[in-house]
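One file, input38.pdb, carrying PDB, C-alpha atoms and all ligand atoms:
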MODEL        1
ATOM      1  CA  MET A   1       3.150 -15.434   8.280  1.00  0.00           C
ATOM      2  CA  ARG A   2       6.927 -15.446   8.029  1.00  0.00           C
ATOM      3  CA  TYR A   3       6.882 -12.043   6.323  1.00  0.00           C
ATOM      4  CA  VAL A   4       4.621 -10.562   8.990  1.00  0.00           C
ATOM      5  CA  VAL A   5       6.754 -11.904  11.846  1.00  0.00           C
ATOM      6  CA  MET A   6       9.789 -10.325  10.155  1.00  0.00           C
ATOM      7  CA  GLU A   7       7.854  -7.060  10.074  1.00  0.00           C
ATOM      8  CA  VAL A   8       6.996  -7.275  13.774  1.00  0.00           C
ATOM      9  CA  LEU A   9      10.613  -8.107  14.635  1.00  0.00           C
ATOM     10  CA  GLY A  10      11.900  -5.166  12.572  1.00  0.00           C
ATOM     11  CA  PHE A  11      13.671  -6.992   9.738  1.00  0.00           C
ATOM     12  CA  GLY A  12      14.616  -4.770   6.788  1.00  0.00           C
ATOM     13  CA  ARG A  13      13.157  -4.973   3.290  1.00  0.00           C
ATOM     14  CA  GLN A  14      15.045  -5.082   0.037  1.00  0.00           C
ATOM     15  CA  LEU A  15      13.260  -2.662  -2.257  1.00  0.00           C
ATOM     16  CA  GLU A  16      14.237  -2.867  -5.922  1.00  0.00           C
ATOM     17  CA  PRO A  17      14.307   0.329  -8.046  1.00  0.00           C
ATOM     18  CA  GLU A  18      11.172  -0.712  -9.978  1.00  0.00           C
ATOM     19  CA  THR A  19       9.354  -1.312  -6.673  1.00  0.00           C
ATOM     20  CA  LEU A  20      10.314   2.172  -5.477  1.00  0.00           C
ATOM     21  CA  THR A  21       9.079   3.669  -8.763  1.00  0.00           C
ATOM     22  CA  ALA A  22       5.768   1.794  -8.473  1.00  0.00           C
ATOM     23  CA  MET A  23       5.434   2.956  -4.834  1.00  0.00           C
ATOM     24  CA  ALA A  24       6.022   6.583  -5.828  1.00  0.00           C
ATOM     25  CA  GLU A  25       3.420   6.309  -8.608  1.00  0.00           C
ATOM     26  CA  GLY A  26       1.028   4.658  -6.182  1.00  0.00           C
ATOM     27  CA  SER A  27       1.479   7.466  -3.626  1.00  0.00           C
ATOM     28  CA  GLU A  28       0.730  10.087  -6.240  1.00  0.00           C
ATOM     29  CA  GLY A  29      -2.377   8.117  -7.288  1.00  0.00           C
ATOM     30  CA  HIS A  30      -3.521   7.862  -3.668  1.00  0.00           C
ATOM     31  CA  ARG A  31      -3.289  11.611  -3.140  1.00  0.00           C
ATOM     32  CA  ARG A  32      -5.227  12.260  -6.347  1.00  0.00           C
ATOM     33  CA  PHE A  33      -7.895   9.717  -5.369  1.00  0.00           C
ATOM     34  CA  GLN A  34      -8.255  11.106  -1.842  1.00  0.00           C
ATOM     35  CA  GLY A  35      -8.591  14.594  -3.348  1.00  0.00           C
ATOM     36  CA  GLU A  36     -11.431  13.370  -5.560  1.00  0.00           C
ATOM     37  CA  LEU A  37     -13.233  11.855  -2.576  1.00  0.00           C
ATOM     38  CA  ALA A  38     -12.901  15.145  -0.705  1.00  0.00           C
ATOM     39  CA  GLU A  39     -14.195  17.086  -3.706  1.00  0.00           C
ATOM     40  CA  ALA A  40     -17.209  14.765  -3.934  1.00  0.00           C
ATOM     41  CA  ALA A  41     -17.868  15.397  -0.196  1.00  0.00           C
ATOM     42  CA  LEU A  42     -17.498  11.652   0.506  1.00  0.00           C
ATOM     43  CA  LEU A  43     -14.293  11.762   2.500  1.00  0.00           C
ATOM     44  CA  VAL A  44     -14.354  11.493   6.291  1.00  0.00           C
ATOM     45  CA  THR A  45     -10.636  10.789   6.844  1.00  0.00           C
ATOM     46  CA  ALA A  46      -7.669  10.094   4.636  1.00  0.00           C
ATOM     47  CA  GLU A  47      -4.917   7.777   5.870  1.00  0.00           C
ATOM     48  CA  ALA A  48      -6.870   6.687   8.936  1.00  0.00           C
ATOM     49  CA  PRO A  49      -4.428   4.953  11.322  1.00  0.00           C
ATOM     50  CA  LEU A  50      -5.143   1.395  12.368  1.00  0.00           C
ATOM     51  CA  LYS A  51      -3.416  -0.430  15.194  1.00  0.00           C
ATOM     52  CA  ALA A  52      -4.626  -3.634  16.803  1.00  0.00           C
ATOM     53  CA  GLY A  53      -3.527  -7.077  17.916  1.00  0.00           C
ATOM     54  CA  GLU A  54      -0.755  -5.779  20.209  1.00  0.00           C
ATOM     55  CA  GLY A  55       0.758  -3.903  17.288  1.00  0.00           C
ATOM     56  CA  ALA A  56       0.802  -6.957  14.993  1.00  0.00           C
ATOM     57  CA  VAL A  57      -1.856  -5.312  12.849  1.00  0.00           C
ATOM     58  CA  ARG A  58      -0.990  -1.793  11.886  1.00  0.00           C
ATOM     59  CA  GLY A  59      -1.403   0.334   8.852  1.00  0.00           C
ATOM     60  CA  ARG A  60      -3.326   3.196   7.358  1.00  0.00           C
ATOM     61  CA  VAL A  61      -6.710   2.903   5.737  1.00  0.00           C
ATOM     62  CA  ASP A  62      -6.448   4.880   2.493  1.00  0.00           C
ATOM     63  CA  ALA A  63      -9.758   6.610   3.103  1.00  0.00           C
ATOM     64  CA  VAL A  64     -12.855   6.428   5.251  1.00  0.00           C
ATOM     65  CA  ILE A  65     -15.970   7.654   3.472  1.00  0.00           C
ATOM     66  CA  HIS A  66     -19.611   8.179   4.325  1.00  0.00           C
ATOM     67  CA  TRP A  67     -21.503   5.634   2.306  1.00  0.00           C
ATOM     68  CA  ARG A  68     -25.162   4.816   2.888  1.00  0.00           C
ATOM     69  CA  GLY A  69     -24.974   6.341   6.332  1.00  0.00           C
ATOM     70  CA  ASP A  70     -22.032   4.297   7.575  1.00  0.00           C
ATOM     71  CA  PRO A  71     -18.302   4.958   7.793  1.00  0.00           C
ATOM     72  CA  THR A  72     -16.797   2.744   5.104  1.00  0.00           C
ATOM     73  CA  ALA A  73     -13.138   1.797   4.688  1.00  0.00           C
ATOM     74  CA  VAL A  74     -11.704   2.314   1.209  1.00  0.00           C
ATOM     75  CA  GLU A  75      -8.588   0.650  -0.147  1.00  0.00           C
ATOM     76  CA  PHE A  76      -7.127   2.049  -3.377  1.00  0.00           C
ATOM     77  CA  LYS A  77      -4.797   0.020  -5.569  1.00  0.00           C
ATOM     78  CA  THR A  78      -3.082   0.890  -8.805  1.00  0.00           C
ATOM     79  CA  MET A  79      -1.684  -1.650 -11.245  1.00  0.00           C
ATOM     80  CA  HIS A  80      -0.471  -1.869 -14.810  1.00  0.00           C
ATOM     81  CA  ASP A  81      -3.240  -2.001 -17.383  1.00  0.00           C
ATOM     82  CA  ALA A  82      -2.558  -5.631 -18.305  1.00  0.00           C
ATOM     83  CA  ALA A  83      -3.103  -6.676 -14.684  1.00  0.00           C
ATOM     84  CA  PHE A  84      -6.100  -4.344 -14.464  1.00  0.00           C
ATOM     85  CA  ASP A  85      -7.724  -6.130 -17.431  1.00  0.00           C
ATOM     86  CA  THR A  86      -7.359  -9.426 -15.564  1.00  0.00           C
ATOM     87  CA  VAL A  87      -9.084  -7.906 -12.535  1.00  0.00           C
ATOM     88  CA  LEU A  88     -11.894  -6.678 -14.785  1.00  0.00           C
ATOM     89  CA  ASP A  89     -12.239 -10.100 -16.303  1.00  0.00           C
ATOM     90  CA  ARG A  90     -11.761 -12.361 -13.284  1.00  0.00           C
ATOM     91  CA  GLY A  91     -12.157 -10.262 -10.179  1.00  0.00           C
ATOM     92  CA  PRO A  92      -9.881  -8.614  -7.659  1.00  0.00           C
ATOM     93  CA  ARG A  93      -6.726 -10.073  -6.188  1.00  0.00           C
ATOM     94  CA  TYR A  94      -7.361 -12.106  -3.087  1.00  0.00           C
ATOM     95  CA  ARG A  95      -4.617 -10.350  -1.151  1.00  0.00           C
ATOM     96  CA  HIS A  96      -6.100  -6.907  -1.871  1.00  0.00           C
ATOM     97  CA  VAL A  97      -9.516  -8.009  -0.661  1.00  0.00           C
ATOM     98  CA  ALA A  98      -7.914  -9.717   2.347  1.00  0.00           C
ATOM     99  CA  GLN A  99      -6.156  -6.454   3.236  1.00  0.00           C
ATOM    100  CA  LEU A 100      -9.481  -4.663   3.184  1.00  0.00           C
ATOM    101  CA  ALA A 101     -11.050  -7.489   5.236  1.00  0.00           C
ATOM    102  CA  THR A 102      -8.310  -6.892   7.824  1.00  0.00           C
ATOM    103  CA  TYR A 103      -9.361  -3.254   8.102  1.00  0.00           C
ATOM    104  CA  LEU A 104     -12.984  -4.303   8.550  1.00  0.00           C
ATOM    105  CA  GLU A 105     -12.153  -6.834  11.245  1.00  0.00           C
ATOM    106  CA  PHE A 106      -9.683  -4.801  13.276  1.00  0.00           C
ATOM    107  CA  GLY A 107     -10.935  -1.322  12.487  1.00  0.00           C
ATOM    108  CA  ALA A 108     -14.547  -2.334  13.155  1.00  0.00           C
ATOM    109  CA  TYR A 109     -15.896  -1.062   9.843  1.00  0.00           C
ATOM    110  CA  GLY A 110     -19.042  -2.865   8.694  1.00  0.00           C
ATOM    111  CA  ARG A 111     -18.222  -2.518   5.036  1.00  0.00           C
ATOM    112  CA  GLY A 112     -15.363  -1.662   2.731  1.00  0.00           C
ATOM    113  CA  VAL A 113     -14.746  -0.705  -0.860  1.00  0.00           C
ATOM    114  CA  LEU A 114     -11.756  -1.741  -2.955  1.00  0.00           C
ATOM    115  CA  VAL A 115     -11.024   0.567  -5.877  1.00  0.00           C
ATOM    116  CA  VAL A 116      -8.537  -0.665  -8.481  1.00  0.00           C
ATOM    117  CA  GLU A 117      -7.088   1.748 -11.024  1.00  0.00           C
ATOM    118  CA  GLY A 118      -5.169   0.837 -14.177  1.00  0.00           C
ATOM    119  CA  ARG A 119      -1.943   2.582 -15.127  1.00  0.00           C
ATOM    120  CA  PRO A 120      -1.633   4.589 -17.276  1.00  0.00           C
ATOM    121  CA  SER A 121      -5.255   4.477 -18.534  1.00  0.00           C
ATOM    122  CA  ARG A 122      -6.749   5.444 -15.146  1.00  0.00           C
ATOM    123  CA  ARG A 123      -9.695   3.158 -15.745  1.00  0.00           C
ATOM    124  CA  ARG A 124     -11.246   2.069 -12.471  1.00  0.00           C
ATOM    125  CA  VAL A 125     -13.282  -0.748 -11.066  1.00  0.00           C
ATOM    126  CA  GLY A 126     -14.686  -1.090  -7.558  1.00  0.00           C
ATOM    127  CA  PHE A 127     -15.726  -3.968  -5.304  1.00  0.00           C
ATOM    128  CA  CYS A 128     -17.732  -3.895  -2.098  1.00  0.00           C
ATOM    129  CA  LEU A 129     -16.964  -6.192   0.813  1.00  0.00           C
ATOM    130  CA  ALA A 130     -18.958  -6.762   4.011  1.00  0.00           C
ATOM    131  CA  ARG A 131     -17.414  -7.796   7.313  1.00  0.00           C
ATOM    132  CA  ASP A 132     -17.443 -11.570   7.475  1.00  0.00           C
ATOM    133  CA  GLU A 133     -17.255 -13.825  10.530  1.00  0.00           C
ATOM    134  CA  ALA A 134     -15.285 -16.646   8.899  1.00  0.00           C
ATOM    135  CA  MET A 135     -12.700 -14.247   7.541  1.00  0.00           C
ATOM    136  CA  GLY A 136     -12.521 -12.520  10.912  1.00  0.00           C
ATOM    137  CA  ARG A 137     -11.822 -15.815  12.691  1.00  0.00           C
ATOM    138  CA  TRP A 138      -9.116 -16.670  10.161  1.00  0.00           C
ATOM    139  CA  LEU A 139      -7.442 -13.283  10.531  1.00  0.00           C
ATOM    140  CA  ARG A 140      -7.485 -13.431  14.330  1.00  0.00           C
ATOM    141  CA  ALA A 141      -6.075 -16.970  14.336  1.00  0.00           C
ATOM    142  CA  ARG A 142      -3.225 -15.833  12.088  1.00  0.00           C
ATOM    143  CA  VAL A 143      -2.499 -12.762  14.200  1.00  0.00           C
ATOM    144  CA  GLU A 144      -2.405 -14.846  17.372  1.00  0.00           C
ATOM    145  CA  GLU A 145      -0.037 -17.325  15.753  1.00  0.00           C
ATOM    146  CA  GLY A 146       2.168 -14.527  14.467  1.00  0.00           C
ATOM    147  CA  LEU A 147       2.374 -13.018  17.937  1.00  0.00           C
ATOM    148  CA  ARG A 148       3.430 -16.375  19.381  1.00  0.00           C
ATOM    149  CA  TRP A 149       6.310 -16.604  16.898  1.00  0.00           C
ATOM    150  CA  ALA A 150       7.303 -12.995  17.480  1.00  0.00           C
ATOM    151  CA  GLU A 151       7.263 -13.404  21.256  1.00  0.00           C
ATOM    152  CA  ALA A 152       9.532 -16.433  20.884  1.00  0.00           C
ATOM    153  CA  ARG A 153      11.702 -14.293  18.558  1.00  0.00           C
ATOM    154  CA  ARG A 154      11.627 -17.042  15.962  1.00  0.00           C
ATOM    155  CA  LEU A 155      10.597 -17.092  12.326  1.00  0.00           C
ATOM    156  CA  PRO A 156       7.859 -19.521  11.286  1.00  0.00           C
ATOM    157  CA  PRO A 157       8.454 -21.943   8.407  1.00  0.00           C
ATOM    158  CA  ARG A 158       8.155 -20.604   4.876  1.00  0.00           C
ATOM    159  CA  GLU A 159       4.790 -20.700   3.131  1.00  0.00           C
ATOM    160  CA  VAL A 160       6.163 -21.033  -0.366  1.00  0.00           C
ATOM    161  CA  SER A 161       3.974 -19.691  -3.154  1.00  0.00           C
ATOM    162  CA  ARG A 162       4.286 -17.484  -6.203  1.00  0.00           C
ATOM    163  CA  TYR A 163       4.140 -14.516  -3.800  1.00  0.00           C
ATOM    164  CA  CYS A 164       7.758 -15.367  -2.968  1.00  0.00           C
ATOM    165  CA  LEU A 165       8.698 -14.122  -6.445  1.00  0.00           C
ATOM    166  CA  GLU A 166       7.526 -10.604  -5.494  1.00  0.00           C
ATOM    167  CA  CYS A 167       8.587 -10.665  -1.859  1.00  0.00           C
ATOM    168  CA  ASP A 168      11.038  -7.999  -0.734  1.00  0.00           C
ATOM    169  CA  ARG A 169      12.327 -10.208   2.093  1.00  0.00           C
ATOM    170  CA  TRP A 170      12.927 -13.322   0.007  1.00  0.00           C
ATOM    171  CA  ARG A 171      16.652 -13.385   0.754  1.00  0.00           C
ATOM    172  CA  ARG A 172      15.748 -14.390   4.323  1.00  0.00           C
ATOM    173  CA  CYS A 173      14.083 -17.518   2.920  1.00  0.00           C
ATOM    174  CA  PHE A 174      16.170 -18.746  -0.015  1.00  0.00           C
ATOM    175  CA  ARG A 175      19.876 -18.964  -0.731  1.00  0.00           C
ATOM    176  CA  ASP A 176      19.546 -17.590  -4.267  1.00  0.00           C
ATOM    177  CA  GLU A 177      17.090 -16.940  -7.090  1.00  0.00           C
ATOM    178  CA  GLY A 178      17.516 -20.457  -8.470  1.00  0.00           C
ATOM    179  CA  GLU A 179      16.474 -22.025  -5.200  1.00  0.00           C
ATOM    180  CA  ARG A 180      13.515 -19.669  -4.961  1.00  0.00           C
ATOM    181  CA  GLU A 181      12.325 -20.410  -8.502  1.00  0.00           C
ATOM    182  CA  ALA A 182      12.588 -24.169  -8.010  1.00  0.00           C
ATOM    183  CA  ALA A 183      10.630 -23.992  -4.741  1.00  0.00           C
ATOM    184  CA  VAL A 184       7.900 -21.816  -6.279  1.00  0.00           C
ATOM    185  CA  SER A 185       7.609 -24.065  -9.362  1.00  0.00           C
ATOM    186  CA  ALA A 186       7.120 -27.030  -7.057  1.00  0.00           C
ATOM    187  CA  HIS A 187       4.506 -25.218  -4.962  1.00  0.00           C
ATOM    188  CA  PRO A 188       3.007 -22.114  -6.603  1.00  0.00           C
ATOM    189  CA  LEU A 189      -0.225 -21.873  -4.614  1.00  0.00           C
ATOM    190  CA  TRP A 190      -0.408 -20.206  -1.238  1.00  0.00           C
ATOM    191  CA  GLU A 191      -1.946 -22.766   1.140  1.00  0.00           C
ATOM    192  CA  PRO A 192      -1.735 -21.389   4.655  1.00  0.00           C
ATOM    193  CA  GLU A 193      -3.014 -22.985   7.862  1.00  0.00           C
ATOM    194  CA  PRO A 194      -5.801 -22.671   8.744  1.00  0.00           C
ATOM    195  CA  PRO A 195      -6.973 -22.831   5.107  1.00  0.00           C
ATOM    196  CA  LEU A 196      -8.055 -19.577   3.515  1.00  0.00           C
ATOM    197  CA  PRO A 197     -11.749 -18.861   3.818  1.00  0.00           C
ATOM    198  CA  ALA A 198     -13.696 -17.851   0.734  1.00  0.00           C
ATOM    199  CA  ILE A 199     -14.200 -14.122   0.303  1.00  0.00           C
ATOM    200  CA  TRP A 200     -17.280 -12.733  -1.371  1.00  0.00           C
ATOM    201  CA  VAL A 201     -17.516  -9.331  -3.007  1.00  0.00           C
ATOM    202  CA  ARG A 202     -19.998  -7.339  -5.047  1.00  0.00           C
ATOM    203  CA  ARG A 203     -18.739  -5.523  -8.044  1.00  0.00           C
ATOM    204  CA  LEU A 204     -19.769  -1.894  -8.156  1.00  0.00           C
ATOM    205  CA  SER A 205     -21.723  -0.649 -11.127  1.00  0.00           C
ATOM    206  CA  CYS A 206     -18.979   1.713 -12.176  1.00  0.00           C
ATOM    207  CA  GLY A 207     -17.539  -1.086 -14.328  1.00  0.00           C
ATOM    208  CA  ALA A 208     -14.407   0.144 -16.015  1.00  0.00           C
ATOM    209  CA  ALA A 209     -15.585   3.720 -16.181  1.00  0.00           C
ATOM    210  CA  GLY A 210     -13.006   6.447 -16.093  1.00  0.00           C
ATOM    211  CA  PRO A 211     -12.053   8.646 -13.164  1.00  0.00           C
ATOM    212  CA  GLY A 212     -14.588  10.637 -11.239  1.00  0.00           C
ATOM    213  CA  ILE A 213     -16.130   9.222  -8.113  1.00  0.00           C
ATOM    214  CA  ASP A 214     -19.461   9.966  -6.486  1.00  0.00           C
ATOM    215  CA  GLN A 215     -22.406   8.161  -4.856  1.00  0.00           C
ATOM    216  CA  GLU A 216     -23.578   6.885  -8.241  1.00  0.00           C
ATOM    217  CA  TRP A 217     -20.152   5.431  -8.981  1.00  0.00           C
ATOM    218  CA  LEU A 218     -20.507   3.545  -5.724  1.00  0.00           C
ATOM    219  CA  SER A 219     -23.789   1.871  -6.674  1.00  0.00           C
ATOM    220  CA  GLU A 220     -23.755  -1.886  -6.311  1.00  0.00           C
ATOM    221  CA  GLU A 221     -24.104  -4.134  -9.315  1.00  0.00           C
ATOM    222  CA  GLU A 222     -27.367  -6.036  -9.539  1.00  0.00           C
ATOM    223  CA  GLY A 223     -27.757  -9.811  -9.598  1.00  0.00           C
ATOM    224  CA  GLY A 224     -25.318 -12.489 -10.654  1.00  0.00           C
ATOM    225  CA  GLY A 225     -22.690 -13.987  -8.424  1.00  0.00           C
ATOM    226  CA  GLU A 226     -22.019 -17.513  -7.301  1.00  0.00           C
ATOM    227  CA  ALA A 227     -23.864 -17.094  -4.042  1.00  0.00           C
ATOM    228  CA  GLY A 228     -27.032 -16.155  -5.901  1.00  0.00           C
ATOM    229  CA  ALA A 229     -27.253 -12.945  -3.924  1.00  0.00           C
ATOM    230  CA  GLY A 230     -25.400 -10.602  -6.184  1.00  0.00           C
ATOM    231  CA  ARG A 231     -22.061 -11.595  -4.714  1.00  0.00           C
ATOM    232  CA  SER A 232     -19.082 -13.146  -6.434  1.00  0.00           C
ATOM    233  CA  ARG A 233     -16.510 -15.345  -4.820  1.00  0.00           C
ATOM    234  CA  VAL A 234     -12.952 -14.072  -5.113  1.00  0.00           C
ATOM    235  CA  LEU A 235     -11.293 -17.011  -6.781  1.00  0.00           C
ATOM    236  CA  GLY A 236      -7.962 -15.325  -7.030  1.00  0.00           C
ATOM    237  CA  THR A 237      -6.373 -13.619  -9.973  1.00  0.00           C
ATOM    238  CA  ASP A 238      -3.115 -14.037  -8.101  1.00  0.00           C
ATOM    239  CA  GLY A 239      -2.853 -17.764  -7.642  1.00  0.00           C
ATOM    240  CA  VAL A 240      -4.709 -18.197  -4.362  1.00  0.00           C
TER     241      VAL A 240
HETATM  242  S1  LIG A 301       9.940 -15.299   0.444  1.00  0.00           S
HETATM  243 FE1  LIG A 301       7.988 -16.356   0.555  1.00  0.00          FE
HETATM  244  S2  LIG A 301       8.034 -17.516   2.460  1.00  0.00           S
HETATM  245 FE2  LIG A 301       9.642 -15.946   2.569  1.00  0.00          FE
HETATM  246  S3  LIG A 301       8.686 -14.223   3.613  1.00  0.00           S
HETATM  247 FE3  LIG A 301       8.512 -13.865   1.418  1.00  0.00          FE
HETATM  248  S4  LIG A 301       6.493 -14.708   0.868  1.00  0.00           S
HETATM  249 FE4  LIG A 301       7.035 -15.543   2.894  1.00  0.00          FE
ENDMDL
END
Output the structure of this file as structure tokens.
Amino acid sequence: MRYVVMEVLGFGRQLEPETLTAMAEGSEGHRRFQGELAEAALLVTAEAPLKAGEGAVRGRVDAVIHWRGDPTAVEFKTMHDAAFDTVLDRGPRYRHVAQLATYLEFGAYGRGVLVVEGRPSRRRVGFCLARDEAMGRWLRARVEEGLRWAEARRLPPREVSRYCLECDRWRRCFRDEGEREAAVSAHPLWEPEPPLPAIWVRRLSCGAAGPGIDQEWLSEEEGGGEAGAGRSRVLGTDGV
């Protein structure tokens, strides 16, 4: 919440060289991925703009594709292979799925696909997410609260979690790295208010297959899942 209010109020970010390198690699990967979708005749729009919630929600959907007759939002993420293996083993990162859920809620897409690619192996795995009422309510409550803080031109209290260790605005929240580390050690889990709703995804049948995307790659995996309906709850490979 604090990070988002800083964004709305125009606070700067402190981007480290390794972050800039990862962003450049990610941009190259996005262009390659969007090109593949176009080649497979799946792509409707690349970088579809999204703006809602009086400007509090804004961004670009990596791709919109035609999938089973409906426009579907696609979010593409790249990560180092070690992190990718964790996603394969335990599921996607909550924050990546939550980002896609935001597109579904505010962009009015019924369904979305998260594609995660490992670097440098270029292995991929995909997850399908449907629009969900509980998640939608949570997102709208957070946006409304963020707007209240922004209108008052005040920053909300910190929500300390291990995300603070990767945050490019952390210097607005802690005096120094020591203070940040101590705070995160004392409270590593992100526990926002209202509490996070569960998110349910289906893993796509592509498994960890290599590059190359088409309708078959986008098939849904059969069976399994905690909900007994082929879905799996995102329990968080990132501490949520
Ligand atoms: S350092 Fe932590 S509390 Fe501060 S904006 Fe970043 S994630 Fe939020």
Expected selection from the PyMOL selection byres (((not hetatm)) within 9 of (chain A and resi 301)), given as a VMD selection string: chain A and resid 1 to 6 157 to 174 180 184
Point-to-point distance from CA of Pro194 (chain A) to CA of Arg95 (chain A), Å rounded to tenths: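 Computing it gives 15.8 Å between the two atoms.
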Which residue of A:Ala108, A:Val116, A:Ala56, A:Leu20 approaches Leu88 (chain A) most closely, using all atoms listed in the file: A:Val116
Contacts of Arg233 (chain A) within 7 Å, all atoms listed in the file, excl. fewer than 3 positions in-chain, as a ChimeraX atom specification: /A:198-201,226
Would you kindly return, as a compact mmCIF listing (two decimals) with C-alpha atoms, keeping the file's coordinate frame, each protein, DNA or RNA residue with an atom no farther than 12 Å from any atom of region 68-72 of chain A, considering only C-alpha atoms and excluding same-chain residues fewer than 3 positions away?
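Saved result, around06.txt, follows:
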# COMPACT_ATOMS: atom_id res chain seq x y z
CA LEU A 42 -17.50 11.65 0.51
CA LEU A 43 -14.29 11.76 2.50
CA VAL A 44 -14.35 11.49 6.29
CA THR A 45 -10.64 10.79 6.84
CA ALA A 46 -7.67 10.09 4.64
CA ALA A 48 -6.87 6.69 8.94
CA VAL A 61 -6.71 2.90 5.74
CA ASP A 62 -6.45 4.88 2.49
CA ALA A 63 -9.76 6.61 3.10
CA VAL A 64 -12.86 6.43 5.25
CA ILE A 65 -15.97 7.65 3.47
CA GLU A 75 -8.59 0.65 -0.15
CA LEU A 100 -9.48 -4.66 3.18
CA ALA A 101 -11.05 -7.49 5.24
CA TYR A 103 -9.36 -3.25 8.10
CA LEU A 104 -12.98 -4.30 8.55
CA GLY A 107 -10.94 -1.32 12.49
CA ALA A 108 -14.55 -2.33 13.16
CA TYR A 109 -15.90 -1.06 9.84
CA GLY A 110 -19.04 -2.86 8.69
CA ARG A 111 -18.22 -2.52 5.04
CA GLY A 112 -15.36 -1.66 2.73
CA VAL A 113 -14.75 -0.70 -0.86
CA LEU A 114 -11.76 -1.74 -2.96
CA CYS A 128 -17.73 -3.90 -2.10
CA LEU A 129 -16.96 -6.19 0.81
CA ALA A 130 -18.96 -6.76 4.01
CA ARG A 131 -17.41 -7.80 7.31
CA GLN A 215 -22.41 8.16 -4.86
CA GLU A 216 -23.58 6.88 -8.24
CA LEU A 218 -20.51 3.54 -5.72
CA SER A 219 -23.79 1.87 -6.67
CA GLU A 220 -23.76 -1.89 -6.31
Å distance separating CA of Thr102 (chain A) from CA of Glu18 (chain A), one decimal place: 27.1 Å
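Distances to Arg142 (chain A) were evaluated for A:Ala82, A:Ala22, A:Leu37, A:Leu196 using only C-alpha atoms, and the minimum falls at A:Leu196.
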Between CA of Leu139 (chain A) and CA of Gln99 (chain A) - distance in Å to one decimal: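 About the pair CA of Gln99 (chain A) and CA of Leu139 (chain A): they are 10.1 Å apart.
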Closest of A:Arg202, A:Phe106, A:Asp89, A:Leu15 to Arg60 (chain A) - atom-to-atom distances counting all atoms listed in the file: A:Phe106
